[in-house]
>>> print(open('my_file-v2.txt').read())   # compact mmCIF, C-alpha atoms
# COMPACT_ATOMS: atom_id res chain seq x y z
CA MET A 1499 2.71 -2.03 4.71
CA LYS A 1500 0.55 -4.92 5.98
CA LYS A 1501 -2.45 -3.54 4.08
CA ILE A 1502 -0.41 -3.41 0.85
CA ILE A 1503 0.70 -7.03 1.31
CA SER A 1504 -2.91 -8.09 1.97
CA LEU A 1505 -4.14 -6.42 -1.22
CA LEU A 1506 -1.38 -8.01 -3.28
CA SER A 1507 -2.10 -11.42 -1.73
CA LEU A 1508 -5.79 -11.12 -2.62
CA LEU A 1509 -4.98 -10.26 -6.23
CA THR A 1510 -2.53 -13.17 -6.46
CA LEU A 1511 -5.11 -15.60 -5.03
CA LEU A 1512 -7.73 -14.49 -7.54
CA SER A 1513 -5.33 -14.93 -10.45
CA VAL A 1514 -4.29 -18.43 -9.33
CA THR A 1515 -7.81 -19.72 -8.70
CA SER A 1516 -9.34 -18.26 -11.87
CA VAL A 1517 -9.78 -20.72 -14.72
CA LYS A 1518 -9.14 -17.92 -17.19
CA ALA A 1519 -6.38 -16.03 -15.42
CA GLU A 1520 -4.75 -13.58 -17.82
CA MET A 1521 -2.41 -11.32 -15.92
CA SER A 1522 -1.50 -7.99 -17.47
CA TYR A 1523 0.55 -5.01 -16.36
CA GLY A 1524 0.43 -1.45 -17.54
CA ILE A 1525 0.46 2.27 -16.99
CA GLY A 1526 -2.35 4.78 -16.77
CA PHE A 1527 -2.55 8.53 -17.28
CA MET A 1528 -5.15 10.56 -15.43
CA ALA A 1529 -6.44 14.08 -14.89
CA GLY A 1530 -9.29 15.52 -12.91
CA LYS A 1531 -10.59 17.92 -10.31
CA LEU A 1532 -10.39 17.36 -6.57
CA SER A 1533 -12.74 19.26 -4.26
CA ALA A 1534 -12.05 19.60 -0.55
CA SER A 1535 -13.37 21.51 2.44
CA GLY A 1536 -12.10 21.68 5.98
CA THR A 1537 -12.43 23.30 9.38
CA GLU A 1538 -9.65 24.11 11.84
CA THR A 1539 -10.69 24.43 15.48
CA GLU A 1540 -8.49 26.36 17.90
CA GLY A 1541 -7.79 24.61 21.20
CA THR A 1542 -6.95 27.63 23.33
CA GLU A 1543 -9.14 29.27 25.95
CA SER A 1544 -8.57 32.68 24.39
CA ASP A 1545 -9.59 31.54 20.91
CA SER A 1546 -12.18 28.79 20.40
CA SER A 1547 -13.16 29.92 16.91
CA ASP A 1548 -13.38 27.76 13.80
CA ARG A 1549 -11.75 28.61 10.49
CA GLU A 1550 -13.25 27.10 7.36
CA LYS A 1551 -11.90 26.79 3.83
CA SER A 1552 -13.06 25.13 0.61
CA PHE A 1553 -11.23 24.83 -2.69
CA ASP A 1554 -10.91 22.92 -5.96
CA GLU A 1555 -7.61 21.56 -7.27
CA VAL A 1556 -6.97 20.46 -10.86
CA PHE A 1557 -4.51 17.58 -10.97
CA ALA A 1558 -2.74 15.30 -13.44
CA GLY A 1559 -0.72 12.18 -12.81
CA ALA A 1560 -0.03 8.56 -13.66
CA ASP A 1561 -0.37 5.13 -12.11
CA VAL A 1562 0.99 1.62 -12.62
CA PHE A 1563 -1.28 -1.40 -12.33
CA VAL A 1564 -1.54 -5.17 -12.43
CA GLU A 1565 -4.83 -6.93 -13.18
CA THR A 1566 -6.32 -10.29 -14.08
CA GLU A 1567 -9.42 -11.29 -16.04
CA LEU A 1568 -11.58 -13.90 -14.32
CA SER A 1569 -13.51 -16.69 -16.01
CA ASN A 1570 -16.79 -14.76 -15.68
CA GLY A 1571 -15.39 -11.82 -17.65
CA TYR A 1572 -14.85 -9.61 -14.62
CA THR A 1573 -11.45 -7.93 -14.17
CA VAL A 1574 -9.79 -7.47 -10.76
CA GLY A 1575 -6.77 -5.20 -10.42
CA LEU A 1576 -4.52 -3.18 -8.17
CA SER A 1577 -3.36 0.34 -9.06
CA TYR A 1578 -0.62 2.43 -7.42
CA VAL A 1579 -0.06 6.18 -7.90
CA PRO A 1580 3.63 6.96 -7.21
CA VAL A 1581 3.20 10.76 -7.18
CA ASP A 1582 1.57 12.90 -4.49
CA VAL A 1583 -1.70 14.77 -5.11
CA GLU A 1584 -2.12 18.08 -3.27
CA ILE A 1585 -5.53 18.45 -1.64
CA GLY A 1586 -5.08 21.96 -0.28
CA SER A 1587 -2.78 24.62 1.07
CA GLY A 1588 -3.19 27.89 2.88
CA GLU A 1589 -1.53 30.74 4.70
CA ARG A 1590 -2.61 33.30 7.27
CA VAL A 1591 -0.91 36.08 9.25
CA ASP A 1592 -1.85 36.42 12.94
CA SER A 1593 -1.29 39.51 15.07
CA SER A 1594 -2.07 40.17 18.72
CA ALA A 1595 -1.80 43.30 20.83
CA GLY A 1596 -3.18 41.77 24.01
CA ALA A 1597 -0.10 40.02 25.36
CA ASP A 1598 1.69 41.37 28.44
CA VAL A 1599 5.06 40.94 26.74
CA ALA A 1600 5.88 40.85 23.05
CA ALA A 1601 7.34 37.33 23.26
CA GLU A 1602 3.93 35.98 24.33
CA ALA A 1603 1.99 37.60 21.49
CA ASP A 1604 0.25 35.15 19.15
CA THR A 1605 1.76 36.60 15.98
CA GLY A 1606 3.38 35.32 12.83
CA THR A 1607 2.67 33.65 9.51
CA ARG A 1608 1.09 30.19 9.57
CA THR A 1609 1.26 27.95 6.51
CA ALA A 1610 -0.12 24.47 5.96
CA LYS A 1611 -0.72 22.02 3.14
CA ALA A 1612 -1.91 18.44 2.74
CA GLU A 1613 -1.24 15.79 0.12
CA LEU A 1614 -2.51 12.33 -0.74
CA THR A 1615 0.48 10.02 -1.00
CA ASP A 1616 0.92 6.30 -1.86
CA LEU A 1617 -2.60 6.00 -3.31
CA LEU A 1618 -3.58 2.34 -3.76
CA THR A 1619 -6.79 1.21 -5.45
CA LEU A 1620 -8.18 -2.33 -5.50
CA TYR A 1621 -10.77 -2.35 -8.30
CA THR A 1622 -13.04 -4.48 -10.43
CA ASN A 1623 -14.42 -4.03 -13.95
CA ILE A 1624 -17.90 -5.47 -14.48
CA PRO A 1625 -18.63 -5.87 -18.22
CA PHE A 1626 -21.94 -4.91 -19.82
CA GLY A 1627 -23.14 -4.89 -23.43
CA ASN A 1628 -21.15 -6.17 -26.41
CA GLU A 1629 -19.01 -3.11 -27.17
CA GLY A 1630 -16.35 -3.34 -24.45
CA GLY A 1631 -18.22 -1.27 -21.86
CA TYR A 1632 -17.91 -1.93 -18.14
CA ALA A 1633 -18.86 -0.56 -14.75
CA LEU A 1634 -16.00 0.30 -12.41
CA ALA A 1635 -15.93 -0.06 -8.62
CA GLY A 1636 -12.96 0.22 -6.31
CA LEU A 1637 -11.57 0.76 -2.83
CA HIS A 1638 -8.90 3.44 -2.22
CA TYR A 1639 -6.28 3.40 0.50
CA THR A 1640 -3.96 6.38 0.95
CA LYS A 1641 -2.05 8.49 3.46
CA VAL A 1642 -2.83 12.16 4.09
CA LYS A 1643 0.56 13.81 4.61
CA THR A 1644 0.68 17.27 6.18
CA ALA A 1645 3.34 19.96 6.17
CA GLU A 1646 3.01 23.13 8.20
CA THR A 1647 4.87 26.02 9.81
CA LEU A 1648 3.28 26.67 13.21
CA PRO A 1649 4.97 28.34 16.21
CA ASN A 1650 4.41 25.67 18.88
CA SER A 1651 2.63 22.67 17.37
CA SER A 1652 2.43 20.37 14.37
CA TYR A 1653 -0.06 18.06 12.69
CA GLY A 1654 0.63 14.41 11.93
CA ASP A 1655 -0.36 12.15 9.04
CA GLU A 1656 -3.42 9.92 8.73
CA ASN A 1657 -4.33 6.83 6.71
CA ILE A 1658 -7.78 6.92 5.12
CA TYR A 1659 -10.00 4.89 2.79
CA GLY A 1660 -12.20 5.90 -0.10
CA ALA A 1661 -14.65 4.44 -2.62
CA GLN A 1662 -14.59 4.66 -6.41
CA LEU A 1663 -17.48 4.32 -8.91
CA GLY A 1664 -17.43 4.88 -12.66
CA VAL A 1665 -17.74 3.53 -16.18
CA GLY A 1666 -15.21 2.61 -18.84
CA SER A 1667 -14.64 1.25 -22.30
CA LYS A 1668 -12.01 -1.30 -23.36
CA ARG A 1669 -10.54 -1.76 -26.83
CA GLY A 1670 -7.84 -4.43 -26.97
CA ASN A 1671 -5.23 -3.51 -24.36
CA LYS A 1672 -6.42 0.11 -24.00
CA LYS A 1673 -9.03 1.46 -21.62
CA PHE A 1674 -10.72 4.82 -21.09
CA GLU A 1675 -12.52 5.54 -17.82
CA ILE A 1676 -14.35 8.27 -15.97
CA PHE A 1677 -14.99 7.81 -12.25
CA TYR A 1678 -15.95 9.55 -9.03
CA SER A 1679 -14.00 9.03 -5.79
CA LYS A 1680 -15.18 9.87 -2.28
CA PHE A 1681 -12.79 9.72 0.69
CA GLU A 1682 -13.70 9.31 4.35
CA ASP A 1683 -13.44 12.29 6.68
CA ILE A 1684 -9.95 13.38 7.64
CA GLU A 1685 -9.57 14.17 11.36
CA ILE A 1686 -6.15 15.23 12.67
CA SER A 1687 -5.19 16.81 16.01
CA SER A 1688 -2.03 18.80 16.61
CA THR A 1689 0.68 17.86 19.07
CA GLY A 1690 2.63 20.33 21.19
CA GLY A 1691 1.49 23.85 21.97
CA ASN A 1692 -2.18 24.53 21.30
CA SER A 1693 -4.47 21.50 20.95
CA ASN A 1694 -5.86 22.48 17.57
CA SER A 1695 -7.72 20.04 15.33
CA ILE A 1696 -8.62 19.78 11.66
CA LYS A 1697 -11.60 18.02 10.10
CA ALA A 1698 -11.85 17.82 6.31
CA ASP A 1699 -13.35 15.81 3.47
CA ALA A 1700 -12.37 15.37 -0.16
CA ASP A 1701 -13.82 13.94 -3.37
CA ALA A 1702 -12.60 13.83 -6.97
CA LEU A 1703 -13.83 13.39 -10.55
CA THR A 1704 -11.19 11.73 -12.73
CA VAL A 1705 -10.68 10.64 -16.34
CA ARG A 1706 -8.09 7.95 -17.03
CA TYR A 1707 -6.49 6.38 -20.10
CA SER A 1708 -4.46 3.19 -19.65
CA ILE A 1709 -2.40 0.80 -21.73
CA GLY A 1710 -1.77 -2.83 -20.74
CA PHE A 1711 1.22 -5.01 -21.70
>>> encode(input="my_file-v2.txt", output="structure tokens")
Amino acid sequence: MKKIISLLSLLTLLSVTSVKAEMSYGIGFMAGKLSASGTETEGTESDSSDREKSFDEVFAGADVFVETELSNGYTVGLSYVPVDVEIGSGERVDSSAGADVAAEADTGTRTAKAELTDLLTLYTNIPFGNEGGYALAGLHYTKVKTAETLPNSSYGDENIYGAQLGVGSKRGNKKFEIFYSKFEDIEISSTGGNSNSIKADADALTVRYSIGF
């Protein structure tokens, strides 16, 4: 929550100090492809193997934003995505015949999934040319939320950052953008039961259409 307040305070300060402060609000619609890969490491003496998985997810969503145009023509804004974006899910069935008693056998179905939630982006538009074109750069902040069904342990959530680079075109109060986002590595350890750990990374290519008011 403190990070959200800091981002909002920065945007407010820029709008107040700018000679040409024109605040606008709006909504954006986006779609794209998110690519992710990860490795789960078992923390037991009997199984120290790694399990790897990679996948691509097609997503669609929307965001709300507030932005201001500075006196030098640059735009600074803050975007918030109120819907979760799934970055992967999986399932496996384990069986074991080596336990002394059936109750100790490492068997059952394991499921897990992860989502990006509360995605915030602080961004700037840097104009070039005379036709409404601009370069786009931004900083993402989001929470990786996990949900799993494991027999003796569970994974928590983690806050991560990411960077955004792209280009766009503005016509009046409408903008069209295409950008690439890269998130920092996700590292989560389980609590309870086996001390398993997950390490993953994710990136996305997104197109976005927005309308300001």
>>> residues_around(input="my_file-v2.txt", residues="range 1561-1566 of chain A", least_positions_apart="2", cutoff="8 Å", atoms="all atoms listed in the file", output="ChimeraX atom specification")
/A:1509,1512-1513,1519-1528,1559,1568,1573-1580
>>> write_last_selection(input="my_file-v2.txt", atoms="C-alpha atoms", output="mmCIF file, in the frame of the given file")
data_model
loop_
_atom_site.group_PDB
_atom_site.id
_atom_site.type_symbol
_atom_site.label_atom_id
_atom_site.label_comp_id
_atom_site.auth_asym_id
_atom_site.auth_seq_id
_atom_site.Cartn_x
_atom_site.Cartn_y
_atom_site.Cartn_z
ATOM 1 C CA LEU A 1509 -4.980 -10.260 -6.230
ATOM 2 C CA LEU A 1512 -7.730 -14.490 -7.540
ATOM 3 C CA SER A 1513 -5.330 -14.930 -10.450
ATOM 4 C CA ALA A 1519 -6.380 -16.030 -15.420
ATOM 5 C CA GLU A 1520 -4.750 -13.580 -17.820
ATOM 6 C CA MET A 1521 -2.410 -11.320 -15.920
ATOM 7 C CA SER A 1522 -1.500 -7.990 -17.470
ATOM 8 C CA TYR A 1523 0.550 -5.010 -16.360
ATOM 9 C CA GLY A 1524 0.430 -1.450 -17.540
ATOM 10 C CA ILE A 1525 0.460 2.270 -16.990
ATOM 11 C CA GLY A 1526 -2.350 4.780 -16.770
ATOM 12 C CA PHE A 1527 -2.550 8.530 -17.280
ATOM 13 C CA MET A 1528 -5.150 10.560 -15.430
ATOM 14 C CA GLY A 1559 -0.720 12.180 -12.810
ATOM 15 C CA LEU A 1568 -11.580 -13.900 -14.320
ATOM 16 C CA THR A 1573 -11.450 -7.930 -14.170
ATOM 17 C CA VAL A 1574 -9.790 -7.470 -10.760
ATOM 18 C CA GLY A 1575 -6.770 -5.200 -10.420
ATOM 19 C CA LEU A 1576 -4.520 -3.180 -8.170
ATOM 20 C CA SER A 1577 -3.360 0.340 -9.060
ATOM 21 C CA TYR A 1578 -0.620 2.430 -7.420
ATOM 22 C CA VAL A 1579 -0.060 6.180 -7.900
ATOM 23 C CA PRO A 1580 3.630 6.960 -7.210
#
>>> atom_distance(input="my_file-v2.txt", atom1="CA of Ala1612 in chain A", atom2="CA of Val1581 in chain A")
13.5 Å
>>> atom_distance(input="my_file-v2.txt", atom1="CA of Glu1675 in chain A", atom2="CA of Thr1640 in chain A")
20.6 Å
>>> atom_distance(input="my_file-v2.txt", atom1="CA of Asp1616 in chain A", atom2="CA of Asn1671 in chain A")
25.3 Å
>>> closest_residue(input="my_file-v2.txt", among="A:Tyr1632, A:Phe1557, A:Tyr1707, A:Phe1681", to="Ser1667 in chain A", atoms="all atoms listed in the file")
A:Tyr1632
>>> closest_residue(input="my_file-v2.txt", among="A:Thr1619, A:Asn1628, A:Ser1679, A:Gln1662", to="Asp1699 in chain A", atoms="all atoms listed in the file")
A:Ser1679
>>> closest_residue(input="my_file-v2.txt", among="A:Leu1703, A:Ile1696, A:Val1642, A:Ile1709", to="Lys1673 in chain A", atoms="all atoms listed in the file")
A:Ile1709
>>> decode(input="my_file-v2.txt", residues="range 1560-1583 of chain A", atoms="N, CA and C atoms", output="PDB file, in the first residue's frame")
ATOM      1  N   ALA A1560      -8.247  -5.118 -19.222  1.00  0.00           N
ATOM      2  CA  ALA A1560      -8.468  -3.678 -19.289  1.00  0.00           C
ATOM      3  C   ALA A1560      -7.770  -3.015 -18.113  1.00  0.00           C
ATOM      4  N   ASP A1561      -7.513  -1.717 -18.253  1.00  0.00           N
ATOM      5  CA  ASP A1561      -6.915  -0.950 -17.178  1.00  0.00           C
ATOM      6  C   ASP A1561      -7.567   0.427 -17.096  1.00  0.00           C
ATOM      7  N   VAL A1562      -7.416   1.065 -15.958  1.00  0.00           N
ATOM      8  CA  VAL A1562      -7.824   2.459 -15.789  1.00  0.00           C
ATOM      9  C   VAL A1562      -6.552   3.257 -15.542  1.00  0.00           C
ATOM     10  N   PHE A1563      -6.537   4.532 -15.951  1.00  0.00           N
ATOM     11  CA  PHE A1563      -5.320   5.302 -15.821  1.00  0.00           C
ATOM     12  C   PHE A1563      -5.622   6.768 -15.559  1.00  0.00           C
ATOM     13  N   VAL A1564      -4.613   7.451 -15.025  1.00  0.00           N
ATOM     14  CA  VAL A1564      -4.617   8.899 -14.879  1.00  0.00           C
ATOM     15  C   VAL A1564      -3.255   9.376 -15.364  1.00  0.00           C
ATOM     16  N   GLU A1565      -3.209  10.465 -16.121  1.00  0.00           N
ATOM     17  CA  GLU A1565      -1.950  10.947 -16.655  1.00  0.00           C
ATOM     18  C   GLU A1565      -1.973  12.463 -16.806  1.00  0.00           C
ATOM     19  N   THR A1566      -0.792  13.035 -16.931  1.00  0.00           N
ATOM     20  CA  THR A1566      -0.659  14.473 -17.113  1.00  0.00           C
ATOM     21  C   THR A1566       0.389  14.753 -18.178  1.00  0.00           C
ATOM     22  N   GLU A1567       0.164  15.786 -18.972  1.00  0.00           N
ATOM     23  CA  GLU A1567       1.124  16.204 -19.987  1.00  0.00           C
ATOM     24  C   GLU A1567       1.972  17.338 -19.429  1.00  0.00           C
ATOM     25  N   LEU A1568       3.287  17.186 -19.483  1.00  0.00           N
ATOM     26  CA  LEU A1568       4.201  18.177 -18.953  1.00  0.00           C
ATOM     27  C   LEU A1568       4.480  19.261 -19.995  1.00  0.00           C
ATOM     28  N   SER A1569       5.128  20.319 -19.558  1.00  0.00           N
ATOM     29  CA  SER A1569       5.380  21.452 -20.442  1.00  0.00           C
ATOM     30  C   SER A1569       6.326  21.104 -21.590  1.00  0.00           C
ATOM     31  N   ASN A1570       7.150  20.071 -21.424  1.00  0.00           N
ATOM     32  CA  ASN A1570       8.068  19.671 -22.490  1.00  0.00           C
ATOM     33  C   ASN A1570       7.436  18.692 -23.477  1.00  0.00           C
ATOM     34  N   GLY A1571       6.149  18.412 -23.330  1.00  0.00           N
ATOM     35  CA  GLY A1571       5.461  17.505 -24.233  1.00  0.00           C
ATOM     36  C   GLY A1571       5.435  16.065 -23.768  1.00  0.00           C
ATOM     37  N   TYR A1572       6.229  15.739 -22.755  1.00  0.00           N
ATOM     38  CA  TYR A1572       6.220  14.381 -22.221  1.00  0.00           C
ATOM     39  C   TYR A1572       4.908  14.150 -21.459  1.00  0.00           C
ATOM     40  N   THR A1573       4.487  12.882 -21.395  1.00  0.00           N
ATOM     41  CA  THR A1573       3.319  12.500 -20.597  1.00  0.00           C
ATOM     42  C   THR A1573       3.776  11.539 -19.502  1.00  0.00           C
ATOM     43  N   VAL A1574       3.295  11.755 -18.282  1.00  0.00           N
ATOM     44  CA  VAL A1574       3.568  10.853 -17.164  1.00  0.00           C
ATOM     45  C   VAL A1574       2.232  10.346 -16.649  1.00  0.00           C
ATOM     46  N   GLY A1575       2.123   9.038 -16.432  1.00  0.00           N
ATOM     47  CA  GLY A1575       0.851   8.476 -16.005  1.00  0.00           C
ATOM     48  C   GLY A1575       0.986   7.274 -15.094  1.00  0.00           C
ATOM     49  N   LEU A1576      -0.126   6.885 -14.536  1.00  0.00           N
ATOM     50  CA  LEU A1576      -0.209   5.719 -13.670  1.00  0.00           C
ATOM     51  C   LEU A1576      -1.390   4.869 -14.116  1.00  0.00           C
ATOM     52  N   SER A1577      -1.125   3.597 -14.370  1.00  0.00           N
ATOM     53  CA  SER A1577      -2.146   2.659 -14.849  1.00  0.00           C
ATOM     54  C   SER A1577      -2.356   1.564 -13.813  1.00  0.00           C
ATOM     55  N   TYR A1578      -3.607   1.107 -13.690  1.00  0.00           N
ATOM     56  CA  TYR A1578      -3.944   0.024 -12.754  1.00  0.00           C
ATOM     57  C   TYR A1578      -4.824  -0.999 -13.472  1.00  0.00           C
ATOM     58  N   VAL A1579      -4.423  -2.266 -13.404  1.00  0.00           N
ATOM     59  CA  VAL A1579      -5.193  -3.367 -13.995  1.00  0.00           C
ATOM     60  C   VAL A1579      -5.974  -4.051 -12.878  1.00  0.00           C
ATOM     61  N   PRO A1580      -7.308  -3.942 -12.865  1.00  0.00           N
ATOM     62  CA  PRO A1580      -8.097  -4.492 -11.752  1.00  0.00           C
ATOM     63  C   PRO A1580      -8.393  -5.982 -11.875  1.00  0.00           C
ATOM     64  N   VAL A1581      -7.990  -6.628 -12.961  1.00  0.00           N
ATOM     65  CA  VAL A1581      -8.249  -8.060 -13.130  1.00  0.00           C
ATOM     66  C   VAL A1581      -6.939  -8.826 -13.065  1.00  0.00           C
ATOM     67  N   ASP A1582      -6.993 -10.076 -12.615  1.00  0.00           N
ATOM     68  CA  ASP A1582      -5.806 -10.914 -12.500  1.00  0.00           C
ATOM     69  C   ASP A1582      -5.427 -11.506 -13.854  1.00  0.00           C
ATOM     70  N   VAL A1583      -4.119 -11.700 -14.062  1.00  0.00           N
ATOM     71  CA  VAL A1583      -3.609 -12.318 -15.284  1.00  0.00           C
ATOM     72  C   VAL A1583      -2.908 -13.617 -14.900  1.00  0.00           C
TER      73      VAL A1583
END
